[in-house]
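Asker: TSV, C-alpha atoms and all ligand atoms, saved as structure.tsv, coming up:
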```
chain	number	residue	atom	x	y	z
Q	1	MET	CA	-15.69	7.95	-21.38
Q	2	ALA	CA	-12.00	7.23	-21.82
Q	3	SER	CA	-10.54	5.49	-18.80
Q	4	GLY	CA	-7.02	6.16	-17.54
Q	5	ARG	CA	-5.84	2.93	-19.11
Q	6	GLU	CA	-7.20	3.70	-22.58
Q	7	SER	CA	-5.54	7.07	-22.62
Q	8	ASN	CA	-2.33	5.58	-21.29
Q	9	PRO	CA	-1.64	2.19	-22.86
Q	10	HIS	CA	1.64	1.83	-20.93
Q	11	HIS	CA	-0.13	1.77	-17.64
Q	12	HIS	CA	0.62	-1.72	-16.46
Q	13	HIS	CA	4.21	-2.35	-15.39
Q	14	GLU	CA	6.06	-5.48	-14.41
Q	15	VAL	CA	5.60	-7.06	-11.02
Q	16	PHE	CA	8.61	-6.52	-8.76
Q	17	SER	CA	10.21	-9.96	-8.47
Q	18	ALA	CA	10.49	-11.58	-5.05
Q	19	LYS	CA	14.05	-12.54	-6.08
Q	20	ASN	CA	14.94	-8.89	-5.48
Q	21	ALA	CA	13.07	-8.62	-2.19
Q	22	ALA	CA	16.29	-7.87	-0.26
Q	23	HIS	CA	16.53	-4.49	-2.04
Q	24	LEU	CA	13.26	-3.47	-0.39
Q	25	ASP	CA	14.57	-3.71	3.17
Q	26	THR	CA	17.92	-1.93	3.45
Q	27	PRO	CA	19.42	0.66	5.82
Q	28	LEU	CA	19.57	3.14	2.93
Q	29	ARG	CA	15.88	2.73	2.25
Q	30	ARG	CA	15.17	3.15	5.97
Q	31	MET	CA	17.15	6.40	5.97
Q	32	ILE	CA	15.42	7.73	2.88
Q	33	TYR	CA	11.84	6.75	3.66
Q	34	ARG	CA	11.79	6.88	7.47
Q	35	PRO	CA	8.91	4.38	7.52
Q	36	GLU	CA	8.45	4.89	11.27
Q	37	ARG	CA	7.50	8.53	10.60
Q	38	LEU	CA	4.96	7.53	7.97
Q	39	ALA	CA	3.45	5.15	10.52
Q	40	GLU	CA	3.47	7.80	13.27
Q	41	ARG	CA	1.69	10.22	11.03
Q	42	TYR	CA	-1.07	8.04	9.61
Q	43	VAL	CA	-1.51	5.10	11.99
Q	44	LYS	CA	-2.84	5.14	15.54
Q	45	TYR	CA	-2.66	2.72	18.43
Q	46	GLY	CA	-5.32	0.06	18.00
Q	47	ASP	CA	-5.90	0.66	14.30
Q	48	ARG	CA	-6.60	-1.99	11.70
Q	49	VAL	CA	-4.21	-1.32	8.82
Q	50	LEU	CA	-4.03	-2.71	5.30
Q	51	ASP	CA	-0.59	-2.78	3.67
Q	52	PHE	CA	-1.52	-3.72	0.12
Q	53	GLY	CA	1.45	-4.90	-1.98
Q	54	CYS	CA	3.44	-5.24	1.23
Q	55	GLY	CA	6.44	-6.99	-0.34
Q	56	PRO	CA	8.87	-8.26	2.33
Q	57	GLY	CA	7.30	-6.10	5.04
Q	58	PHE	CA	9.47	-2.98	5.17
Q	59	PHE	CA	6.40	-0.84	5.96
Q	60	SER	CA	4.25	-3.53	7.62
Q	61	ARG	CA	6.87	-3.78	10.39
Q	62	GLU	CA	6.39	-0.11	11.32
Q	63	PHE	CA	2.61	-0.29	11.09
Q	64	ALA	CA	2.67	-3.32	13.41
Q	65	GLN	CA	4.88	-1.47	15.92
Q	66	ARG	CA	2.51	1.45	15.83
Q	67	VAL	CA	-0.85	-0.38	16.21
Q	68	GLY	CA	0.33	-2.15	19.36
Q	69	GLU	CA	-1.04	-5.38	20.82
Q	70	ILE	CA	-4.68	-4.43	20.27
Q	71	GLY	CA	-4.27	-3.39	16.63
Q	72	GLN	CA	-3.96	-5.47	13.51
Q	73	VAL	CA	-2.05	-5.21	10.25
Q	74	TRP	CA	-3.16	-7.09	7.15
Q	75	SER	CA	-0.16	-7.58	4.86
Q	76	VAL	CA	-1.39	-8.48	1.40
Q	77	ASP	CA	0.68	-9.43	-1.63
Q	78	LEU	CA	0.41	-11.28	-4.89
Q	79	GLN	CA	3.58	-13.29	-4.30
Q	80	GLU	CA	3.61	-15.97	-1.63
Q	81	GLU	CA	7.40	-15.70	-1.50
Q	82	MET	CA	7.16	-12.07	-0.34
Q	83	LEU	CA	4.79	-13.08	2.46
Q	84	ASP	CA	7.13	-15.92	3.49
Q	85	ILE	CA	10.05	-13.51	3.75
Q	86	LEU	CA	7.89	-11.11	5.77
Q	87	LYS	CA	6.85	-13.85	8.21
Q	88	LYS	CA	10.38	-15.21	8.69
Q	89	LYS	CA	11.68	-11.73	9.34
Q	90	LEU	CA	8.97	-10.36	11.62
Q	91	GLU	CA	8.38	-13.51	13.71
Q	92	PRO	CA	11.68	-13.11	15.63
Q	93	GLU	CA	10.81	-9.42	16.08
Q	94	GLU	CA	7.65	-10.66	17.83
Q	95	LEU	CA	5.39	-8.74	15.50
Q	96	MET	CA	3.54	-11.63	13.87
Q	97	SER	CA	0.87	-11.68	16.62
Q	98	ARG	CA	-0.29	-8.33	15.19
Q	99	ILE	CA	0.06	-9.24	11.50
Q	100	ARG	CA	-2.13	-11.34	9.25
Q	101	THR	CA	-0.80	-12.19	5.81
Q	102	HIS	CA	-2.96	-12.81	2.78
Q	103	GLN	CA	-2.01	-13.82	-0.74
Q	104	CYS	CA	-4.25	-12.08	-3.25
Q	105	LYS	CA	-4.95	-12.52	-6.96
Q	106	PRO	CA	-3.66	-9.98	-9.49
Q	107	ASP	CA	-7.11	-8.46	-9.97
Q	108	SER	CA	-8.81	-9.12	-6.65
Q	109	ILE	CA	-7.84	-8.56	-3.02
Q	110	GLY	CA	-10.25	-11.23	-1.82
Q	111	LEU	CA	-10.26	-10.44	1.90
Q	112	PRO	CA	-13.24	-11.97	3.76
Q	113	ASN	CA	-16.50	-9.99	3.87
Q	114	GLU	CA	-16.26	-9.64	7.67
Q	115	LEU	CA	-13.38	-7.25	7.06
Q	116	HIS	CA	-15.40	-4.92	4.85
Q	117	GLY	CA	-15.76	-1.47	6.37
Q	118	THR	CA	-13.20	-2.18	9.11
Q	119	PHE	CA	-9.87	-0.65	8.05
Q	120	ASP	CA	-8.77	2.63	9.64
Q	121	ALA	CA	-5.78	3.09	7.35
Q	122	VAL	CA	-4.85	1.68	3.96
Q	123	PHE	CA	-1.49	1.97	2.20
Q	124	THR	CA	-0.55	1.23	-1.41
Q	125	ILE	CA	3.17	1.97	-1.52
Q	126	PHE	CA	4.83	1.61	-4.93
Q	127	VAL	CA	2.36	-1.02	-6.10
Q	128	VAL	CA	-0.65	0.39	-7.99
Q	129	HIS	CA	1.40	0.65	-11.21
Q	130	GLU	CA	1.90	-3.13	-11.05
Q	131	VAL	CA	-1.82	-3.86	-10.73
Q	132	PRO	CA	-3.73	-4.70	-13.94
Q	133	ASP	CA	-6.98	-2.95	-12.97
Q	134	PRO	CA	-6.44	0.04	-10.64
Q	135	GLU	CA	-10.05	1.13	-11.00
Q	136	LYS	CA	-11.23	-2.16	-9.50
Q	137	LEU	CA	-8.53	-1.98	-6.84
Q	138	PHE	CA	-9.71	1.46	-5.68
Q	139	ARG	CA	-13.29	0.20	-5.44
Q	140	GLU	CA	-12.19	-2.78	-3.36
Q	141	LEU	CA	-10.06	-0.61	-1.08
Q	142	PHE	CA	-13.00	1.76	-0.61
Q	143	THR	CA	-15.23	-1.15	0.44
Q	144	LEU	CA	-12.65	-2.39	2.94
Q	145	MET	CA	-12.30	0.96	4.70
Q	146	LYS	CA	-14.19	2.38	7.63
Q	147	PRO	CA	-15.98	5.66	7.06
Q	148	GLY	CA	-13.44	8.31	8.08
Q	149	GLY	CA	-10.56	6.02	7.17
Q	150	THR	CA	-7.37	7.28	5.55
Q	151	TYR	CA	-5.83	5.97	2.35
Q	152	ILE	CA	-2.18	6.75	1.50
Q	153	TYR	CA	-1.23	6.25	-2.13
Q	154	THR	CA	2.32	6.72	-3.41
Q	155	GLU	CA	4.16	5.95	-6.64
Q	156	PRO	CA	7.75	6.32	-7.90
Q	157	PRO	CA	8.21	9.21	-10.37
Q	158	PHE	CA	10.53	7.35	-12.76
Q	159	ILE	CA	7.86	4.71	-13.38
Q	160	VAL	CA	4.62	6.64	-12.95
Q	161	SER	CA	4.25	10.01	-14.72
Q	162	GLY	CA	2.45	12.93	-13.15
Q	163	ARG	CA	-0.32	12.41	-15.65
Q	164	GLU	CA	-0.77	8.73	-14.84
Q	165	PHE	CA	-0.81	9.53	-11.12
Q	166	ARG	CA	-3.47	12.21	-11.60
Q	167	GLU	CA	-5.54	9.87	-13.76
Q	168	ASN	CA	-5.41	7.25	-11.05
Q	169	LEU	CA	-6.41	9.79	-8.41
Q	170	ALA	CA	-9.43	10.60	-10.55
Q	171	LEU	CA	-10.29	6.89	-10.63
Q	172	ALA	CA	-9.92	6.73	-6.85
Q	173	GLU	CA	-12.31	9.68	-6.55
Q	174	GLU	CA	-14.78	7.93	-8.85
Q	175	ALA	CA	-14.58	4.97	-6.47
Q	176	GLY	CA	-15.75	7.32	-3.68
Q	177	PHE	CA	-12.56	8.64	-2.10
Q	178	ARG	CA	-11.96	12.33	-1.49
Q	179	GLN	CA	-8.45	13.64	-1.96
Q	180	VAL	CA	-7.41	15.58	1.13
Q	181	ASP	CA	-3.69	16.13	0.61
Q	182	ARG	CA	-0.81	15.78	-1.84
Q	183	PHE	CA	2.81	15.50	-0.76
Q	184	TRP	CA	6.24	14.38	-1.89
Q	185	TYR	CA	7.28	11.21	-0.16
Q	186	PHE	CA	11.03	11.68	-0.66
Q	187	VAL	CA	10.99	11.97	-4.50
Q	188	ASN	CA	7.74	10.04	-4.91
Q	189	ARG	CA	4.29	11.36	-5.72
Q	190	ALA	CA	1.91	10.80	-2.84
Q	191	ALA	CA	-1.66	11.55	-1.92
Q	192	VAL	CA	-3.88	11.23	1.13
Q	193	LEU	CA	-7.48	10.24	0.44
Q	194	ARG	CA	-10.40	9.77	2.74
Q	195	LYS	CA	-13.56	7.73	2.82
Q	196	GLU	CA	-16.06	10.18	4.27
Q	201	LIG	C1	7.88	-2.50	-5.67
Q	201	LIG	S1	7.25	-3.68	-4.55
Q	201	LIG	C2	6.90	-2.65	-3.14
Q	201	LIG	C3	6.74	-3.41	-1.85
Q	201	LIG	C4	6.46	-2.58	-0.59
Q	201	LIG	N1	5.23	-1.83	-0.71
Q	201	LIG	C5	7.61	-1.65	-0.30
Q	201	LIG	O1	7.59	-0.51	-0.77
Q	201	LIG	O2	8.55	-2.07	0.39
Q	201	LIG	C6	5.63	-4.06	-5.19
Q	201	LIG	C7	4.94	-5.21	-4.50
Q	201	LIG	O3	3.59	-5.28	-4.98
Q	201	LIG	C8	3.24	-6.63	-5.21
Q	201	LIG	N2	2.20	-6.69	-6.25
Q	201	LIG	C9	2.34	-6.53	-7.57
Q	201	LIG	N3	1.16	-6.65	-8.20
Q	201	LIG	C10	0.24	-6.91	-7.23
Q	201	LIG	C11	-1.16	-7.16	-7.25
Q	201	LIG	N4	-1.86	-7.17	-8.38
Q	201	LIG	N5	-1.77	-7.38	-6.07
Q	201	LIG	C12	-1.06	-7.38	-4.91
Q	201	LIG	N6	0.26	-7.16	-4.84
Q	201	LIG	C13	0.90	-6.94	-5.97
Q	201	LIG	C14	4.54	-7.29	-5.63
Q	201	LIG	O4	4.49	-8.68	-5.41
Q	201	LIG	C15	5.56	-6.57	-4.74
Q	201	LIG	O5	5.73	-7.24	-3.53
```
Translate this file's structure into structure tokens.
Ligand SMILES: C[S@@+](CC[C@H](N)C(=O)[O-])C[C@H]1O[C@@H](n2cnc3c(N)ncnc32)[C@H](O)[C@@H]1O
Answerer:
Amino acid sequence: MASGRESNPHHHHEVFSAKNAAHLDTPLRRMIYRPERLAERYVKYGDRVLDFGCGPGFFSREFAQRVGEIGQVWSVDLQEEMLDILKKKLEPEELMSRIRTHQCKPDSIGLPNELHGTFDAVFTIFVVHEVPDPEKLFRELFTLMKPGGTYIYTEPPFIVSGREFRENLALAEEAGFRQVDRFWYFVNRAAVLRKE
């Protein structure tokens, strides 16, 4: 069977450089994406949240606000520099007591086994197109989630075609997720999936 990658050889795109991290946390971006609304909608008080490909923490910040003192956000990124920026920024905002950072490998999340089956909500925001093996990523995310957990997947339209997005959704479904909703996140393709 042809996988998404075979039928689309341009799948893998460059990793967003930490040198440009400042562009990911701007007032304009806040206005456009309203990250606090995304958090309100998909994260509850006390949840354990995974922000995979968190970058400098633009979304992790809102998830941490939302989960409260008893919740936990795991901010995971390939680049240590991104995680350093996140920590420096969110420490003075007193959010680091709710956030754990983890540097992953390009093709493996590598969170400890104790965390398997424990995440209420998982986000991959503008990152799957940078990952070399999305199929493996979806399987790992599925393993990390609690039954009933929600997975939000979004990609920018100028980088990821409708076809590539649909192919990836099919891979996510093969990994066990069920697609429950599609929406436009500003101009970006987005889907809500569930582990049943
Ligand atoms: C375009 S940025 C988006 C950051 C953040 N989600 C946001 O929207 O503000 C993509 C991020 O994904 C990370 N990334 C790229 N490939 C990755 C991989 N294989 N595993 C984990 N993170 C990765 C990059 O280091 C970068 O921080």
Asker: Residues of chain Q that approach ligand LIG 201 (chain Q) to 8 Å or less, counting all atoms listed in the file: could you list each one with the shortest pair of atoms and its distance in Å to one decimal, rows by chain and increasing residue number, as a Markdown table?
Answerer:
```
| residue | atom | partner | partner_atom | distance |
| --- | --- | --- | --- | --- |
| Q:Glu14 | CA | Q:LIG201 | C9 | 7.9 |
| Q:Val15 | CA | Q:LIG201 | C9 | 4.8 |
| Q:Phe16 | CA | Q:LIG201 | C15 | 5.0 |
| Q:Ser17 | CA | Q:LIG201 | O4 | 6.6 |
| Q:Ala18 | CA | Q:LIG201 | O5 | 6.6 |
| Q:Ala21 | CA | Q:LIG201 | O5 | 7.6 |
| Q:Leu24 | CA | Q:LIG201 | O2 | 5.0 |
| Q:Asp25 | CA | Q:LIG201 | O2 | 6.8 |
| Q:Asp51 | CA | Q:LIG201 | N1 | 7.3 |
| Q:Phe52 | CA | Q:LIG201 | C12 | 6.2 |
| Q:Gly53 | CA | Q:LIG201 | O3 | 3.7 |
| Q:Cys54 | CA | Q:LIG201 | N1 | 4.3 |
| Q:Gly55 | CA | Q:LIG201 | O5 | 3.3 |
| Q:Pro56 | CA | Q:LIG201 | O2 | 6.5 |
| Q:Gly57 | CA | Q:LIG201 | O2 | 6.3 |
| Q:Phe58 | CA | Q:LIG201 | O2 | 5.0 |
| Q:Phe59 | CA | Q:LIG201 | O2 | 6.1 |
| Q:Val76 | CA | Q:LIG201 | C12 | 6.4 |
| Q:Asp77 | CA | Q:LIG201 | N6 | 4.0 |
| Q:Leu78 | CA | Q:LIG201 | N6 | 4.1 |
| Q:Gln79 | CA | Q:LIG201 | O4 | 4.8 |
| Q:Met82 | CA | Q:LIG201 | O5 | 6.0 |
| Q:Gln103 | CA | Q:LIG201 | C12 | 7.7 |
| Q:Cys104 | CA | Q:LIG201 | C12 | 5.9 |
| Q:Lys105 | CA | Q:LIG201 | N5 | 6.1 |
| Q:Pro106 | CA | Q:LIG201 | N4 | 3.5 |
| Q:Asp107 | CA | Q:LIG201 | N4 | 5.6 |
| Q:Ser108 | CA | Q:LIG201 | N5 | 7.3 |
| Q:Ile109 | CA | Q:LIG201 | N5 | 6.9 |
| Q:Thr124 | CA | Q:LIG201 | N1 | 6.6 |
| Q:Ile125 | CA | Q:LIG201 | N1 | 4.4 |
| Q:Phe126 | CA | Q:LIG201 | C2 | 5.1 |
| Q:Val127 | CA | Q:LIG201 | C6 | 4.6 |
| Q:Val128 | CA | Q:LIG201 | N3 | 7.3 |
| Q:His129 | CA | Q:LIG201 | N3 | 7.9 |
| Q:Glu130 | CA | Q:LIG201 | N3 | 4.6 |
| Q:Val131 | CA | Q:LIG201 | N4 | 4.1 |
| Q:Pro132 | CA | Q:LIG201 | N4 | 6.4 |
```
Asker: Could those selected residues go to a file with C-alpha atoms, as a PDB file, keeping the file's coordinate frame?
Answerer:
```pdb
ATOM      1  CA  GLU Q  14       6.060  -5.480 -14.410  1.00  0.00           C
ATOM      2  CA  VAL Q  15       5.600  -7.060 -11.020  1.00  0.00           C
ATOM      3  CA  PHE Q  16       8.610  -6.520  -8.760  1.00  0.00           C
ATOM      4  CA  SER Q  17      10.210  -9.960  -8.470  1.00  0.00           C
ATOM      5  CA  ALA Q  18      10.490 -11.580  -5.050  1.00  0.00           C
ATOM      6  CA  ALA Q  21      13.070  -8.620  -2.190  1.00  0.00           C
ATOM      7  CA  LEU Q  24      13.260  -3.470  -0.390  1.00  0.00           C
ATOM      8  CA  ASP Q  25      14.570  -3.710   3.170  1.00  0.00           C
ATOM      9  CA  ASP Q  51      -0.590  -2.780   3.670  1.00  0.00           C
ATOM     10  CA  PHE Q  52      -1.520  -3.720   0.120  1.00  0.00           C
ATOM     11  CA  GLY Q  53       1.450  -4.900  -1.980  1.00  0.00           C
ATOM     12  CA  CYS Q  54       3.440  -5.240   1.230  1.00  0.00           C
ATOM     13  CA  GLY Q  55       6.440  -6.990  -0.340  1.00  0.00           C
ATOM     14  CA  PRO Q  56       8.870  -8.260   2.330  1.00  0.00           C
ATOM     15  CA  GLY Q  57       7.300  -6.100   5.040  1.00  0.00           C
ATOM     16  CA  PHE Q  58       9.470  -2.980   5.170  1.00  0.00           C
ATOM     17  CA  PHE Q  59       6.400  -0.840   5.960  1.00  0.00           C
ATOM     18  CA  VAL Q  76      -1.390  -8.480   1.400  1.00  0.00           C
ATOM     19  CA  ASP Q  77       0.680  -9.430  -1.630  1.00  0.00           C
ATOM     20  CA  LEU Q  78       0.410 -11.280  -4.890  1.00  0.00           C
ATOM     21  CA  GLN Q  79       3.580 -13.290  -4.300  1.00  0.00           C
ATOM     22  CA  MET Q  82       7.160 -12.070  -0.340  1.00  0.00           C
ATOM     23  CA  GLN Q 103      -2.010 -13.820  -0.740  1.00  0.00           C
ATOM     24  CA  CYS Q 104      -4.250 -12.080  -3.250  1.00  0.00           C
ATOM     25  CA  LYS Q 105      -4.950 -12.520  -6.960  1.00  0.00           C
ATOM     26  CA  PRO Q 106      -3.660  -9.980  -9.490  1.00  0.00           C
ATOM     27  CA  ASP Q 107      -7.110  -8.460  -9.970  1.00  0.00           C
ATOM     28  CA  SER Q 108      -8.810  -9.120  -6.650  1.00  0.00           C
ATOM     29  CA  ILE Q 109      -7.840  -8.560  -3.020  1.00  0.00           C
ATOM     30  CA  THR Q 124      -0.550   1.230  -1.410  1.00  0.00           C
ATOM     31  CA  ILE Q 125       3.170   1.970  -1.520  1.00  0.00           C
ATOM     32  CA  PHE Q 126       4.830   1.610  -4.930  1.00  0.00           C
ATOM     33  CA  VAL Q 127       2.360  -1.020  -6.100  1.00  0.00           C
ATOM     34  CA  VAL Q 128      -0.650   0.390  -7.990  1.00  0.00           C
ATOM     35  CA  HIS Q 129       1.400   0.650 -11.210  1.00  0.00           C
ATOM     36  CA  GLU Q 130       1.900  -3.130 -11.050  1.00  0.00           C
ATOM     37  CA  VAL Q 131      -1.820  -3.860 -10.730  1.00  0.00           C
ATOM     38  CA  PRO Q 132      -3.730  -4.700 -13.940  1.00  0.00           C
TER      39      PRO Q 132
END
```
Asker: Around all the atoms of region 41-55 of chain Q listed in the file, draw an axis-aligned box and extend it by 8 Å on each of the six sides; I want its centre and edge lengths in Å to one decimal, as AutoDock Vina command-line options.
Answerer:
```
--center_x -0.1 --center_y 1.6 --center_z 8.2 --size_x 29.0 --size_y 33.2 --size_z 36.4
```
Asker: Quick one: of Q:Arg98, Q:Leu50, Q:Gly71, Q:Phe158, who's nearest to His116 (chain Q), counting only C-alpha atoms?
Answerer: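 Under the stated criterion, the closest residue is Q:Leu50.
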Asker: Which residue, Q:Val43, Q:Ala175, Q:Leu38, Q:Ile85, has the smallest gap to Asn20 (chain Q) when you use all atoms listed in the file?
Answerer: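 Selected residue with least distance to Asn20 (chain Q): Q:Ile85.
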Asker: Q:Trp184, Q:Leu141, Q:Arg178, Q:Ala190: which is nearest Phe165 (chain Q), counting all atoms listed in the file?
Answerer: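 Of all the options, Q:Ala190 lies closest to Phe165 (chain Q).
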Asker: Determine, counting only C-alpha atoms, which protein, DNA and RNA residues have an atom within 9 Å of an atom of Arg61 (chain Q); residues of the same chain fewer than 3 positions away are not included. Present the result as JSON, numbers by chain.
Answerer: {"Q": [35, 36, 57, 58, 64, 65, 66, 86, 90, 93, 95, 99]}
Asker: Just how far from CA of Trp74 (chain Q) is CA of Thr118 (chain Q), in Å to one decimal?
Answerer: 11.3 Å
Asker: With distances taken over all atoms listed in the file, which residue among Q:Ala172, Q:Ile152, Q:Glu114, Q:Arg163 lies nearest Glu135 (chain Q)?
Answerer: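 With all atoms listed in the file as the atom set, the closest residue is Q:Ala172.
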